[in-house]
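Enquirer: Pasting start-v2.pdb below, which is PDB, C-alpha atoms and all ligand atoms.
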```pdb
ATOM      1  CA  MET A   1      12.364  52.545 -10.617
ATOM      2  CA  LYS A   2       8.926  54.181 -10.463
ATOM      3  CA  ARG A   3       6.531  51.448  -9.395
ATOM      4  CA  ILE A   4       6.799  48.265  -7.352
ATOM      5  CA  GLY A   5       4.317  45.473  -6.603
ATOM      6  CA  VAL A   6       3.745  43.640  -3.333
ATOM      7  CA  LEU A   7       2.202  40.203  -2.934
ATOM      8  CA  THR A   8       1.720  37.556  -0.253
ATOM      9  CA  SER A   9       1.784  33.911  -1.289
ATOM     10  CA  GLY A  10       1.480  30.390   0.169
ATOM     11  CA  GLY A  11       0.144  29.784   3.684
ATOM     12  CA  ASP A  12      -0.778  32.954   5.544
ATOM     13  CA  ALA A  13       1.406  33.894   8.507
ATOM     14  CA  PRO A  14       0.917  36.481  11.271
ATOM     15  CA  GLY A  15       3.108  39.469  10.438
ATOM     16  CA  MET A  16       2.391  39.428   6.692
ATOM     17  CA  ASN A  17       0.198  42.510   7.061
ATOM     18  CA  ALA A  18       2.856  44.338   9.045
ATOM     19  CA  ALA A  19       5.354  43.570   6.259
ATOM     20  CA  VAL A  20       2.925  44.805   3.572
ATOM     21  CA  ARG A  21       2.390  47.992   5.574
ATOM     22  CA  ALA A  22       6.124  48.624   5.956
ATOM     23  CA  ALA A  23       6.857  47.933   2.291
ATOM     24  CA  VAL A  24       4.042  50.202   1.065
ATOM     25  CA  ARG A  25       4.910  53.077   3.384
ATOM     26  CA  GLN A  26       8.658  52.844   2.768
ATOM     27  CA  ALA A  27       8.016  52.869  -0.988
ATOM     28  CA  ILE A  28       5.719  55.894  -0.810
ATOM     29  CA  PHE A  29       8.227  57.668   1.453
ATOM     30  CA  ASP A  30      10.876  57.018  -1.211
ATOM     31  CA  GLY A  31       8.642  58.402  -3.994
ATOM     32  CA  LEU A  32       7.640  55.040  -5.535
ATOM     33  CA  ALA A  33       4.131  54.058  -6.574
ATOM     34  CA  VAL A  34       2.890  50.725  -5.188
ATOM     35  CA  THR A  35       0.559  48.116  -6.630
ATOM     36  CA  GLY A  36      -0.936  45.555  -4.255
ATOM     37  CA  ILE A  37      -1.352  42.181  -5.968
ATOM     38  CA  ARG A  38      -4.170  40.064  -4.576
ATOM     39  CA  LYS A  39      -4.084  36.266  -4.070
ATOM     40  CA  GLY A  40      -0.374  35.753  -4.680
ATOM     41  CA  TYR A  41       0.810  34.441  -8.032
ATOM     42  CA  ALA A  42      -2.761  33.545  -9.021
ATOM     43  CA  GLY A  43      -3.711  37.238  -8.820
ATOM     44  CA  LEU A  44      -0.482  38.199 -10.543
ATOM     45  CA  ILE A  45      -1.524  36.181 -13.595
ATOM     46  CA  ALA A  46      -5.183  37.203 -13.376
ATOM     47  CA  GLY A  47      -4.329  40.915 -13.086
ATOM     48  CA  GLU A  48      -5.911  41.350  -9.635
ATOM     49  CA  TYR A  49      -4.083  44.581  -8.930
ATOM     50  CA  MET A  50      -4.957  47.523  -6.708
ATOM     51  CA  GLU A  51      -3.340  50.881  -6.140
ATOM     52  CA  MET A  52      -1.933  51.217  -2.619
ATOM     53  CA  ASP A  53      -1.569  54.413  -0.635
ATOM     54  CA  THR A  54      -0.595  55.015   2.981
ATOM     55  CA  GLY A  55      -4.279  54.744   3.987
ATOM     56  CA  SER A  56      -4.732  51.328   2.395
ATOM     57  CA  VAL A  57      -2.359  49.826   4.956
ATOM     58  CA  ALA A  58      -3.767  51.720   7.946
ATOM     59  CA  ASP A  59      -5.002  49.679  10.896
ATOM     60  CA  ILE A  60      -3.492  46.367   9.777
ATOM     61  CA  ILE A  61      -0.263  46.050  11.788
ATOM     62  CA  HIS A  62      -2.079  44.068  14.478
ATOM     63  CA  ARG A  63      -4.094  41.824  12.162
ATOM     64  CA  GLY A  64      -3.298  38.196  11.345
ATOM     65  CA  GLY A  65      -3.819  36.743   7.858
ATOM     66  CA  THR A  66      -3.121  38.977   4.888
ATOM     67  CA  ILE A  67      -5.217  41.839   3.504
ATOM     68  CA  LEU A  68      -3.799  41.015   0.066
ATOM     69  CA  ARG A  69      -5.163  37.457   0.378
ATOM     70  CA  THR A  70      -3.019  34.500  -0.601
ATOM     71  CA  ALA A  71      -3.143  31.350  -2.722
ATOM     72  CA  ARG A  72      -1.159  28.385  -3.916
ATOM     73  CA  CYS A  73      -1.117  28.682  -7.737
ATOM     74  CA  GLU A  74      -0.881  25.652 -10.074
ATOM     75  CA  GLU A  75      -0.613  27.772 -13.250
ATOM     76  CA  PHE A  76       2.540  29.397 -11.958
ATOM     77  CA  TYR A  77       4.344  26.023 -12.011
ATOM     78  CA  GLU A  78       4.038  26.127 -15.830
ATOM     79  CA  GLU A  79       6.378  28.326 -17.858
ATOM     80  CA  ALA A  80       3.460  29.699 -19.881
ATOM     81  CA  GLY A  81       1.824  30.921 -16.663
ATOM     82  CA  ARG A  82       5.014  32.636 -15.576
ATOM     83  CA  TRP A  83       5.400  34.437 -18.934
ATOM     84  CA  GLN A  84       1.809  35.582 -18.595
ATOM     85  CA  ALA A  85       2.738  37.003 -15.184
ATOM     86  CA  VAL A  86       5.721  38.839 -16.669
ATOM     87  CA  GLU A  87       3.511  40.361 -19.374
ATOM     88  CA  CYS A  88       0.943  41.474 -16.780
ATOM     89  CA  LEU A  89       3.655  43.078 -14.638
ATOM     90  CA  LYS A  90       5.093  44.950 -17.612
ATOM     91  CA  ALA A  91       1.650  46.121 -18.730
ATOM     92  CA  ALA A  92       1.020  47.489 -15.231
ATOM     93  CA  GLY A  93       4.391  49.266 -15.203
ATOM     94  CA  ILE A  94       5.621  47.222 -12.226
ATOM     95  CA  GLU A  95       9.410  47.128 -12.271
ATOM     96  CA  GLY A  96      10.105  45.339  -9.005
ATOM     97  CA  LEU A  97       8.278  42.885  -6.783
ATOM     98  CA  VAL A  98       8.260  42.245  -3.035
ATOM     99  CA  VAL A  99       7.239  38.615  -2.456
ATOM    100  CA  ILE A 100       6.189  37.714   1.090
ATOM    101  CA  GLY A 101       5.909  33.959   1.674
ATOM    102  CA  GLY A 102       7.685  30.644   2.185
ATOM    103  CA  ASP A 103       9.980  28.447   0.087
ATOM    104  CA  GLY A 104       7.356  27.678  -2.604
ATOM    105  CA  SER A 105       6.822  31.412  -3.090
ATOM    106  CA  PHE A 106      10.588  31.923  -3.241
ATOM    107  CA  ARG A 107      10.875  29.374  -6.054
ATOM    108  CA  GLY A 108       8.337  31.403  -8.046
ATOM    109  CA  ALA A 109      10.244  34.606  -7.293
ATOM    110  CA  ALA A 110      13.529  33.007  -8.396
ATOM    111  CA  CYS A 111      11.904  32.163 -11.760
ATOM    112  CA  LEU A 112      10.623  35.724 -12.189
ATOM    113  CA  HIS A 113      14.089  37.056 -11.373
ATOM    114  CA  GLN A 114      15.544  34.864 -14.126
ATOM    115  CA  MET A 115      12.893  36.206 -16.497
ATOM    116  CA  GLY A 116      14.074  39.767 -15.873
ATOM    117  CA  ILE A 117      11.699  40.910 -13.111
ATOM    118  CA  LYS A 118      13.428  42.331 -10.066
ATOM    119  CA  THR A 119      12.305  40.404  -6.980
ATOM    120  CA  VAL A 120      13.106  40.651  -3.283
ATOM    121  CA  CYS A 121      11.620  38.048  -0.913
ATOM    122  CA  ILE A 122      10.612  38.260   2.733
ATOM    123  CA  PRO A 123      10.458  34.942   4.647
ATOM    124  CA  ALA A 124       6.969  34.456   6.077
ATOM    125  CA  THR A 125       5.764  31.081   7.313
ATOM    126  CA  ILE A 126       4.923  29.793  10.763
ATOM    127  CA  ASP A 127       7.187  26.783  10.048
ATOM    128  CA  ASN A 128      10.485  28.733  10.373
ATOM    129  CA  ASP A 129      11.958  26.364   7.823
ATOM    130  CA  ILE A 130      13.868  28.868   5.676
ATOM    131  CA  ALA A 131      17.678  28.844   5.753
ATOM    132  CA  GLY A 132      19.592  32.123   6.039
ATOM    133  CA  THR A 133      17.311  33.784   8.570
ATOM    134  CA  ASP A 134      17.007  33.017  12.270
ATOM    135  CA  TYR A 135      13.253  33.561  12.180
ATOM    136  CA  THR A 136      10.482  33.750   9.606
ATOM    137  CA  LEU A 137       7.427  35.978  10.048
ATOM    138  CA  GLY A 138       4.684  34.230  11.978
ATOM    139  CA  PHE A 139       6.864  31.713  13.784
ATOM    140  CA  ASP A 140       7.010  33.613  17.070
ATOM    141  CA  THR A 141       3.246  34.143  17.039
ATOM    142  CA  ALA A 142       2.613  30.466  16.303
ATOM    143  CA  VAL A 143       4.929  29.386  19.124
ATOM    144  CA  ASN A 144       3.106  31.713  21.519
ATOM    145  CA  SER A 145      -0.250  30.279  20.419
ATOM    146  CA  VAL A 146       1.029  26.754  21.088
ATOM    147  CA  VAL A 147       2.383  27.733  24.498
ATOM    148  CA  GLU A 148      -0.977  29.249  25.410
ATOM    149  CA  ALA A 149      -2.635  25.960  24.411
ATOM    150  CA  ILE A 150      -0.098  23.943  26.440
ATOM    151  CA  ASN A 151      -0.873  26.069  29.509
ATOM    152  CA  LYS A 152      -4.562  25.232  29.181
ATOM    153  CA  ILE A 153      -4.044  21.553  28.448
ATOM    154  CA  ARG A 154      -1.695  21.317  31.422
ATOM    155  CA  ASP A 155      -4.615  22.235  33.727
ATOM    156  CA  THR A 156      -6.577  19.208  32.525
ATOM    157  CA  ALA A 157      -3.490  17.000  32.396
ATOM    158  CA  THR A 158      -2.742  17.776  36.050
ATOM    159  CA  SER A 159      -6.332  17.524  37.270
ATOM    160  CA  HIS A 160      -6.805  14.099  35.671
ATOM    161  CA  GLU A 161      -3.175  12.961  36.012
ATOM    162  CA  ARG A 162      -3.086  12.306  32.299
ATOM    163  CA  VAL A 163      -0.523  12.098  29.531
ATOM    164  CA  PHE A 164      -1.204  14.552  26.690
ATOM    165  CA  LEU A 165       0.294  14.439  23.233
ATOM    166  CA  ILE A 166      -0.012  17.753  21.421
ATOM    167  CA  GLU A 167       0.490  17.709  17.651
ATOM    168  CA  VAL A 168       1.784  20.956  16.201
ATOM    169  CA  MET A 169       2.305  22.214  12.639
ATOM    170  CA  GLY A 170       5.603  22.786  10.881
ATOM    171  CA  ARG A 171       5.321  20.569   7.802
ATOM    172  CA  TYR A 172       8.782  18.842   7.676
ATOM    173  CA  SER A 173      10.245  21.071  10.377
ATOM    174  CA  GLY A 174      10.355  20.612  14.160
ATOM    175  CA  GLN A 175      11.017  24.272  14.989
ATOM    176  CA  ILE A 176       7.558  25.046  16.383
ATOM    177  CA  ALA A 177       7.608  21.854  18.468
ATOM    178  CA  LEU A 178      11.069  22.575  19.854
ATOM    179  CA  TYR A 179      10.531  26.216  20.830
ATOM    180  CA  ALA A 180       7.029  25.636  22.188
ATOM    181  CA  GLY A 181       8.215  22.502  23.988
ATOM    182  CA  ILE A 182      10.909  24.465  25.780
ATOM    183  CA  ALA A 183       8.664  27.418  26.577
ATOM    184  CA  GLY A 184       5.834  25.124  27.675
ATOM    185  CA  GLY A 185       7.984  22.777  29.762
ATOM    186  CA  ALA A 186       7.099  19.625  27.825
ATOM    187  CA  GLU A 187       8.504  16.270  28.972
ATOM    188  CA  SER A 188       9.408  15.237  25.440
ATOM    189  CA  VAL A 189       9.636  16.920  22.067
ATOM    190  CA  LEU A 190       9.455  14.758  18.947
ATOM    191  CA  VAL A 191      10.888  16.366  15.807
ATOM    192  CA  PRO A 192      11.476  15.003  12.290
ATOM    193  CA  GLU A 193      15.068  16.263  12.121
ATOM    194  CA  LEU A 194      16.264  13.926  14.888
ATOM    195  CA  PRO A 195      15.695  10.258  15.746
ATOM    196  CA  VAL A 196      12.491   9.671  17.682
ATOM    197  CA  SER A 197      12.537   7.178  20.542
ATOM    198  CA  LEU A 198       9.125   6.348  21.960
ATOM    199  CA  GLU A 199      10.883   4.083  24.433
ATOM    200  CA  GLU A 200      12.740   7.077  25.833
ATOM    201  CA  ALA A 201       9.553   9.212  25.803
ATOM    202  CA  GLY A 202       7.778   6.474  27.797
ATOM    203  CA  GLU A 203      10.739   6.197  30.174
ATOM    204  CA  ARG A 204      10.664   9.968  30.832
ATOM    205  CA  ILE A 205       7.003   9.736  31.705
ATOM    206  CA  ARG A 206       7.572   6.830  34.096
ATOM    207  CA  ARG A 207      10.478   8.674  35.770
ATOM    208  CA  GLY A 208       8.332  11.781  36.176
ATOM    209  CA  ARG A 209       5.492   9.825  37.731
ATOM    210  CA  SER A 210       7.834   8.120  40.185
ATOM    211  CA  ARG A 211       8.966  11.603  41.295
ATOM    212  CA  GLY A 212       5.337  12.550  41.900
ATOM    213  CA  LYS A 213       4.711  14.477  38.697
ATOM    214  CA  LEU A 214       0.981  14.668  38.010
ATOM    215  CA  HIS A 215       0.974  15.229  34.282
ATOM    216  CA  SER A 216       3.071  14.618  31.178
ATOM    217  CA  ILE A 217       3.111  16.600  27.966
ATOM    218  CA  ILE A 218       4.679  15.397  24.737
ATOM    219  CA  LEU A 219       4.944  17.763  21.788
ATOM    220  CA  VAL A 220       4.786  16.031  18.407
ATOM    221  CA  ALA A 221       5.818  17.897  15.265
ATOM    222  CA  GLU A 222       3.439  16.897  12.439
ATOM    223  CA  GLY A 223       6.455  15.851  10.336
ATOM    224  CA  VAL A 224       7.113  12.957  12.734
ATOM    225  CA  GLY A 225       3.791  11.295  12.012
ATOM    226  CA  SER A 226       0.334  11.067  13.502
ATOM    227  CA  ALA A 227       0.148  11.971  17.195
ATOM    228  CA  LEU A 228      -2.948   9.754  17.402
ATOM    229  CA  GLU A 229      -0.853   6.720  16.421
ATOM    230  CA  ILE A 230       2.061   7.726  18.651
ATOM    231  CA  GLY A 231      -0.421   8.235  21.504
ATOM    232  CA  LYS A 232      -1.555   4.609  21.205
ATOM    233  CA  VAL A 233       2.042   3.399  21.575
ATOM    234  CA  ILE A 234       2.671   5.670  24.581
ATOM    235  CA  LYS A 235      -0.522   4.446  26.254
ATOM    236  CA  GLU A 236       0.554   0.829  25.723
ATOM    237  CA  ARG A 237       4.036   1.504  27.077
ATOM    238  CA  THR A 238       3.026   3.513  30.155
ATOM    239  CA  GLY A 239      -0.430   2.141  30.899
ATOM    240  CA  LEU A 240      -1.472   5.737  31.686
ATOM    241  CA  ASP A 241      -4.613   7.605  30.701
ATOM    242  CA  THR A 242      -3.543   9.299  27.451
ATOM    243  CA  ARG A 243      -5.166  11.971  25.275
ATOM    244  CA  VAL A 244      -4.193  13.604  21.987
ATOM    245  CA  THR A 245      -4.837  17.195  20.886
ATOM    246  CA  ILE A 246      -4.153  18.322  17.325
ATOM    247  CA  LEU A 247      -3.852  22.107  17.385
ATOM    248  CA  GLY A 248      -4.190  22.631  13.603
ATOM    249  CA  HIS A 249      -4.860  26.002  12.048
ATOM    250  CA  ILE A 250      -5.290  27.947  15.274
ATOM    251  CA  GLN A 251      -1.489  28.128  15.041
ATOM    252  CA  ARG A 252      -1.703  30.076  11.777
ATOM    253  CA  GLY A 253      -4.090  32.838  12.755
ATOM    254  CA  GLY A 254      -4.257  35.576  15.341
ATOM    255  CA  ALA A 255      -2.650  38.929  16.022
ATOM    256  CA  PRO A 256       1.110  38.898  15.447
ATOM    257  CA  THR A 257       3.342  39.230  18.505
ATOM    258  CA  ALA A 258       5.390  42.407  18.946
ATOM    259  CA  PHE A 259       8.441  40.420  17.838
ATOM    260  CA  ASP A 260       6.802  39.454  14.541
ATOM    261  CA  ARG A 261       5.569  43.019  13.967
ATOM    262  CA  VAL A 262       9.041  44.505  14.469
ATOM    263  CA  LEU A 263      10.684  41.829  12.300
ATOM    264  CA  ALA A 264       8.063  42.350   9.573
ATOM    265  CA  THR A 265       8.532  46.110   9.705
ATOM    266  CA  ARG A 266      12.300  45.898   9.378
ATOM    267  CA  LEU A 267      12.183  43.341   6.551
ATOM    268  CA  GLY A 268       9.376  45.124   4.675
ATOM    269  CA  SER A 269      11.243  48.403   4.690
ATOM    270  CA  GLU A 270      14.569  46.797   3.778
ATOM    271  CA  ALA A 271      13.055  44.870   0.862
ATOM    272  CA  VAL A 272      11.952  48.126  -0.765
ATOM    273  CA  LYS A 273      15.330  49.775  -0.193
ATOM    274  CA  LEU A 274      17.005  46.782  -1.818
ATOM    275  CA  LEU A 275      14.725  46.954  -4.865
ATOM    276  CA  SER A 276      15.446  50.687  -5.222
ATOM    277  CA  ALA A 277      19.155  49.945  -5.057
ATOM    278  CA  GLY A 278      18.795  47.491  -7.956
ATOM    279  CA  ALA A 279      18.943  44.200  -6.008
ATOM    280  CA  SER A 280      17.065  41.182  -7.336
ATOM    281  CA  GLY A 281      16.760  37.444  -6.742
ATOM    282  CA  VAL A 282      17.489  37.832  -3.037
ATOM    283  CA  MET A 283      15.871  37.211   0.337
ATOM    284  CA  VAL A 284      16.085  39.719   3.138
ATOM    285  CA  GLY A 285      16.234  38.047   6.553
ATOM    286  CA  MET A 286      17.594  38.496  10.028
ATOM    287  CA  ALA A 287      20.492  36.700  11.716
ATOM    288  CA  ALA A 288      21.860  37.619  15.158
ATOM    289  CA  SER A 289      19.632  40.747  15.080
ATOM    290  CA  GLN A 290      21.267  41.981  11.871
ATOM    291  CA  ILE A 291      19.608  42.259   8.474
ATOM    292  CA  THR A 292      20.953  39.653   6.047
ATOM    293  CA  VAL A 293      20.639  39.592   2.265
ATOM    294  CA  LEU A 294      21.171  36.269   0.505
ATOM    295  CA  PRO A 295      20.688  35.041  -3.077
ATOM    296  CA  LEU A 296      17.485  32.994  -3.413
ATOM    297  CA  GLU A 297      19.507  30.235  -5.032
ATOM    298  CA  GLU A 298      21.549  29.837  -1.858
ATOM    299  CA  VAL A 299      18.536  30.057   0.444
ATOM    300  CA  LEU A 300      16.679  27.402  -1.555
ATOM    301  CA  SER A 301      19.625  25.036  -1.769
ATOM    302  CA  ARG A 302      20.234  25.000   1.982
ATOM    303  CA  GLN A 303      18.348  23.118   4.674
ATOM    304  CA  LYS A 304      17.411  25.010   7.839
ATOM    305  CA  VAL A 305      19.271  23.358  10.700
ATOM    306  CA  LEU A 306      17.484  22.578  13.949
ATOM    307  CA  ASN A 307      19.361  23.872  16.989
ATOM    308  CA  GLU A 308      20.459  20.567  18.533
ATOM    309  CA  GLU A 309      21.916  22.311  21.588
ATOM    310  CA  LEU A 310      18.459  23.668  22.334
ATOM    311  CA  TYR A 311      16.988  20.209  21.756
ATOM    312  CA  ARG A 312      19.446  18.667  24.245
ATOM    313  CA  LEU A 313      18.668  21.434  26.739
ATOM    314  CA  ALA A 314      14.972  20.569  26.489
ATOM    315  CA  GLY A 315      15.935  16.989  27.364
ATOM    316  CA  VAL A 316      18.107  18.056  30.317
ATOM    317  CA  LEU A 317      15.376  20.236  31.800
ATOM    318  CA  SER A 318      12.738  17.523  31.648
ATOM    319  CA  ILE A 319      14.733  14.672  33.228
TER     320      ILE A 319
HETATM  321  O1  LIG A 401       3.348  26.023   5.913
HETATM  322  C1  LIG A 401       2.422  26.392   6.887
HETATM  323  C2  LIG A 401       1.525  25.224   7.234
HETATM  324  O2  LIG A 401       0.603  25.666   8.210
HETATM  325  C3  LIG A 401       2.233  23.957   7.678
HETATM  326  O3  LIG A 401       2.674  24.018   9.013
HETATM  327  C4  LIG A 401       1.159  22.928   7.437
HETATM  328  O4  LIG A 401       1.726  21.651   7.239
HETATM  329  C5  LIG A 401       0.499  23.432   6.172
HETATM  330  O5  LIG A 401       0.792  24.822   6.088
HETATM  331  C6  LIG A 401      -0.995  23.250   6.116
HETATM  332  O6  LIG A 401      -1.413  23.700   4.878
HETATM  333  P1  LIG A 401      -2.933  23.985   4.509
HETATM  334  O7  LIG A 401      -3.383  25.194   5.267
HETATM  335  O8  LIG A 401      -2.904  24.208   3.041
HETATM  336  O9  LIG A 401      -3.681  22.775   4.930
END
```
Write the structure described by the file as C-alpha cells, please.
Expert:
Amino acid sequence: MKRIGVLTSGGDAPGMNAAVRAAVRQAIFDGLAVTGIRKGYAGLIAGEYMEMDTGSVADIIHRGGTILRTARCEEFYEEAGRWQAVECLKAAGIEGLVVIGGDGSFRGAACLHQMGIKTVCIPATIDNDIAGTDYTLGFDTAVNSVVEAINKIRDTATSHERVFLIEVMGRYSGQIALYAGIAGGAESVLVPELPVSLEEAGERIRRGRSRGKLHSIILVAEGVGSALEIGKVIKERTGLDTRVTILGHIQRGGAPTAFDRVLATRLGSEAVKLLSAGASGVMVGMAASQITVLPLEEVLSRQKVLNEELYRLAGVLSI
C-alpha cells in the first residue's frame, strides 16, 4: 500500500482532529502518502482532495470540529454515488481509507469495503452509541461540557430554589445524560433505553425538598422527548418553580479533553497500522483500555447497551 485517504463524516465530534493528526503522522512515519478528503463522502465523490504532510496537521490536537470539514451526503446513499466514489479513489491512487465518524459513516464504509476499497473506521460521535467500544471520540468532552453547564445552572437553581430540567443531546442514546447526571449530581436522569417515570421524578424532588434541599436538577436525554413538555408535567406534579434549559450544540464543540485526545491518538495510529496490515471492513475501538478490532457488520448489527448498574447507582445516590 502506497497511499491512504482520511475523511471525517457525519456530526463533528471533539477529538476528530486529534485522530486525523495521528493517522496522518503514523502513515508518514510508515512511509505512506496521505490524502485528506474534505467534507466526508460528499468530498469523496466531488474529488475534494488535498495532500497531507506532517505540517498540515500541526497545531490541531487541541481544536474541536474537524479541519477536514464534514457533511451528511445524500448521493452516497445511492449505488451510483458510491461507484463514483470508488472511481475517484482509484484515480487518486488511494488504496485504503480511514473513516472517522458515527454509525451512518460506518454504513458508507461497509459499502466501500464490499466494493473492494480497504476501509478502517474510528468511532467518533458525542452520542457514544456505537457497540464494540467503551467510548467514542467526543463523548468525554461532551459530558464535561454538560457538567460545566450543570454547575452553573445549579447556582441559579439553588439561589431561586428552583427545579431545572436540562435537555442533553445523544439522539436515541442516554449515555450523555447518564454520565453527566452522575458527574453533576442530578436528582433524576431520564434516558430512552429505560422506562421513564415522571411520578418517581416528582417524588424524588418532593423527598429532597422535605430534607431541606434547595434545588433539583433533572437530566433529560433528547431521545426521551421534549424537556419543555416534561417540565410542564413536573411543575404540575410538584407545584415548584420550574425552568428548562436545552443545551444544544454547545455539547458538540470545544477543545477535546485529554481523554479524548489520547483515545483519538491511539485509534488514529492503530487504524493506519491495520490498513497497512491488509485489514478492511473493521472498526478500531477501545474496551477495558485495550484496543479492539471488530468487523463493521458486527458493530452495526449490535445495539450499544446502557450500563444499568450505573443508572441504578445514580438513583441510589440521589435518594
Ligand atoms: O450525533 C450527534 C448529534 O449531535 C446528536 O446528539 C443530535 O441528535 C444530532 O447530532 C444533531 O444533528 P444536527 O447537528 O444535524 O442538528
Enquirer: Measuring atom to atom with all atoms listed in the file, identify which of A:Ala264, A:Leu198, A:Thr133, A:Ser9 is nearest to A:Val293.
Expert: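 Comparing A:Ala264, A:Leu198, A:Thr133, A:Ser9 against A:Val293, the winner is A:Thr133.
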Enquirer: Within 12 Å of ligand LIG 401 (chain A), counting all atoms listed in the file, which protein or nucleic acid residues do you find, written as a ChimeraX atom specification?
Expert: /A:9-14,65,70-73,101-105,123-130,136-139,142-143,167-177,221-225,247-253
Enquirer: May I have the residues within 6 Å of A:Ala22 as a list of chain:residue names, using all atoms listed in the file and disregarding those fewer than 4 positions away in the same chain?
Expert: A:Gln26, A:Thr265, A:Gly268, A:Ser269
Enquirer: Could you check which of A:Val244, A:Ile67, A:Ala33, A:Ala149 is closest to A:Arg3, using all atoms listed in the file?
Expert: A:Ala33
Enquirer: Taking the file as I've supplied it (selection: the PyMOL selection byres (((chain A and resi 117) around 8) and not hetatm)), which residues are included? Please answer as a list in words.
Expert: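 When the PyMOL selection byres (((chain A and resi 117) around 8) and not hetatm) is applied, the selected residues are Val86, Glu95, Gly96, Leu97, Leu112, His113, Gln114, Met115, Gly116, Lys118, Thr119 and Ser280 of chain A.
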Enquirer: Expand the PyMOL selection byres (((chain A and resi 47) around 9) and not hetatm) into the individual residues it matches in the shown file, reporting them as a VMD selection string.
Expert: chain A and resid 37 to 38 42 to 46 48 to 49 85 88 to 89 92
Enquirer: So what does the PyMOL selection byres (((chain A and resi 295-311) around 6) and not hetatm) actually pick up in this one, as a PDB file with C-alpha atoms, in the coordinates of the input?
Expert:
```pdb
ATOM      1  CA  ASP A 129      11.958  26.364   7.823  1.00  0.00           C
ATOM      2  CA  ILE A 130      13.868  28.868   5.676  1.00  0.00           C
ATOM      3  CA  ALA A 131      17.678  28.844   5.753  1.00  0.00           C
ATOM      4  CA  GLY A 281      16.760  37.444  -6.742  1.00  0.00           C
ATOM      5  CA  VAL A 282      17.489  37.832  -3.037  1.00  0.00           C
ATOM      6  CA  MET A 283      15.871  37.211   0.337  1.00  0.00           C
ATOM      7  CA  LEU A 294      21.171  36.269   0.505  1.00  0.00           C
ATOM      8  CA  ARG A 312      19.446  18.667  24.245  1.00  0.00           C
ATOM      9  CA  LEU A 313      18.668  21.434  26.739  1.00  0.00           C
ATOM     10  CA  ALA A 314      14.972  20.569  26.489  1.00  0.00           C
TER      11      ALA A 314
END
```
Enquirer: Between A:Met286, A:Ile60, A:Leu219, A:Gly93, which one has atoms that come closest to A:Val196, using all atoms listed in the file?
Expert: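 Of A:Met286, A:Ile60, A:Leu219, A:Gly93, the one nearest A:Val196, counting all atoms listed in the file, is A:Leu219.
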Enquirer: Padding of 5 Å on every side, edges along x, y and z, all listed atoms of stretch 117-127 of chain A included: what centre and edge lengths in Å, to one decimal, does that box have, as AutoDock Vina command-line options?
Expert:
```
--center_x 9.2 --center_y 34.6 --center_z -1.2 --size_x 18.5 --size_y 25.5 --size_z 33.9
```
